[in-house]
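This report refers to the structure that appears directly beneath it.
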Amino acid sequence: MSNKLRFDFTVDKPSKTVTIVKEFAAGLPLVWDAYTKQEILDQWWAPKPWLSRTKVMNFEVGGRRFYAMVSPEGDEHWSLQQYTSISPKTNFKMLNAFADKDENPELPASEWNLNFSEAEGKTTVHISIYNESLTRMEKMIEMGFQGGFTMTLNYLETLLATLSA
């Protein structure tokens with residue numbers, strides 16, 4: 001099943017943009033919830049064996065998610081997401097920045113634009129991540145973003161199959 005689902009990951013350094021297109025064998029409402037509800041996000045938003053732990057989440061325009069990716073040894077790497085636009089079940093945009101444990105963002109942030117569409121029982125998520133700073137984008141890539149985010153999307157795919165059953 002998974003090998004027939006679309007997955008593209010493109011890094012475009014001249015435009016300072018990373019584009020990810022992932023298709024899931026699940027309906028749009030469930031996939032939307034997986035990206036917008038804390039109790040589901042924390043089950044997949046970290047490459048194993050790391051865990052995602054949300055401290056604050058208000059999914060609304062002007063709201064935020066403050067969370068840590070926690071290593072098996074207990075090391076915490078904090079991030080802050082600020083929601084700038086929400087069109088229910090079709091799109092949301094956010095600023096994403098690394099942060100310290102006291103919620104102080106490390107600037108510059110990246111701009112995420114997530115689009116959701118459904119056809120023939122499959123949902124496609126198209127993510128565009130723009131980085132004002134090429135240095136920040138390169139740091140993100142050096143930290144293993146492509147491999148780590150690919151793993152997390154695979155965990156989401158497995159989780160959605162379980163939640164759909």
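We label chains A, B, ... in the order they appear in the structure tokens, count residues from 1 in each chain, and number ligands from 1 in the order shown.
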
List the spatial neighbours of region 95-104 of chain A as an mmCIF file with C-alpha atoms, in the first residue's frame - criterion: any atom at most 6 Å away, only C-alpha atoms, same-chain residues fewer than 2 positions off excluded.
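As a result, part.cif now contains:
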```cif
data_model
loop_
_atom_site.group_PDB
_atom_site.id
_atom_site.type_symbol
_atom_site.label_atom_id
_atom_site.label_comp_id
_atom_site.auth_asym_id
_atom_site.auth_seq_id
_atom_site.Cartn_x
_atom_site.Cartn_y
_atom_site.Cartn_z
ATOM 1 C CA TRP A 78 12.145 23.089 21.630
ATOM 2 C CA SER A 79 10.233 24.675 18.753
ATOM 3 C CA LEU A 80 7.547 27.306 18.491
ATOM 4 C CA GLN A 81 4.881 27.325 15.792
ATOM 5 C CA GLN A 82 2.697 30.419 15.383
ATOM 6 C CA GLU A 106 15.651 31.594 17.715
ATOM 7 C CA ALA A 109 11.819 31.410 11.528
ATOM 8 C CA SER A 110 10.636 29.457 8.504
ATOM 9 C CA GLU A 111 7.240 29.977 6.879
#
```

Those of chain A in DSSP strand (DSSP E), formatted as a PyMOL selection string: chain A and resi 7-12+17-24+51-57+64-70+76-87+91-99+105-119+122-131

Pick from A:Arg65, A:Pro105, A:Asn91, A:Ile129 nearest to Phe145 (chain A), counting only C-alpha atoms: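 Nearest to Phe145 (chain A): A:Ile129.
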
Who sits within 12 Å of Phe116 (chain A), only C-alpha atoms, same chain under 6 positions skipped, as a PyMOL selection string: chain A and resi 21-24+26-36+86-93+122-128

Helix (DSSP H, G or I) residues, from DSSP on the backbone, in region 48-142 of chain A, as a VMD selection string: chain A and resid 134 to 142

Interatomic distance (Å, one decimal) between CA of Leu159 (chain A) and CA of Phe66 (chain A):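 Taking CA of Leu159 (chain A) as the start and CA of Phe66 (chain A) as the end point, the length is 22.2 Å.
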
Near-Pro72 (chain A) list (7 Å; only C-alpha atoms; drop same-chain fewer than 2 positions) as a list in words: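 Residues meeting the cut-off are Pro49, Trp50, Val70 and Gly74 of chain A.
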
Could you write those residues out with N, CA and C atoms, as a CSV table (one decimal), in the first residue's frame?
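To be explicit, this is the file written out as part-v2.csv:
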```
chain,number,residue,atom,x,y,z
A,49,PRO,N,13.6,7.1,17.9
A,49,PRO,CA,13.0,6.9,19.2
A,49,PRO,C,12.6,8.2,19.9
A,50,TRP,N,12.8,9.4,19.3
A,50,TRP,CA,12.4,10.6,19.9
A,50,TRP,C,10.9,10.7,20.1
A,70,VAL,N,11.9,15.2,22.3
A,70,VAL,CA,12.6,14.7,23.5
A,70,VAL,C,13.3,13.4,23.1
A,74,GLY,N,16.4,12.1,27.3
A,74,GLY,CA,15.7,13.2,28.0
A,74,GLY,C,16.1,14.6,27.5
```

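The neighbours of Tyr155 (chain A) here are the residues that come within 9 Å of it, using only C-alpha atoms and leaving out any residue fewer than 3 positions away in the same chain; they are Gln43, Trp44, Trp45, Ala46, Pro47, Lys48, Thr150, Met151, Thr152, Thr158, Leu159 and Leu160 of chain A.
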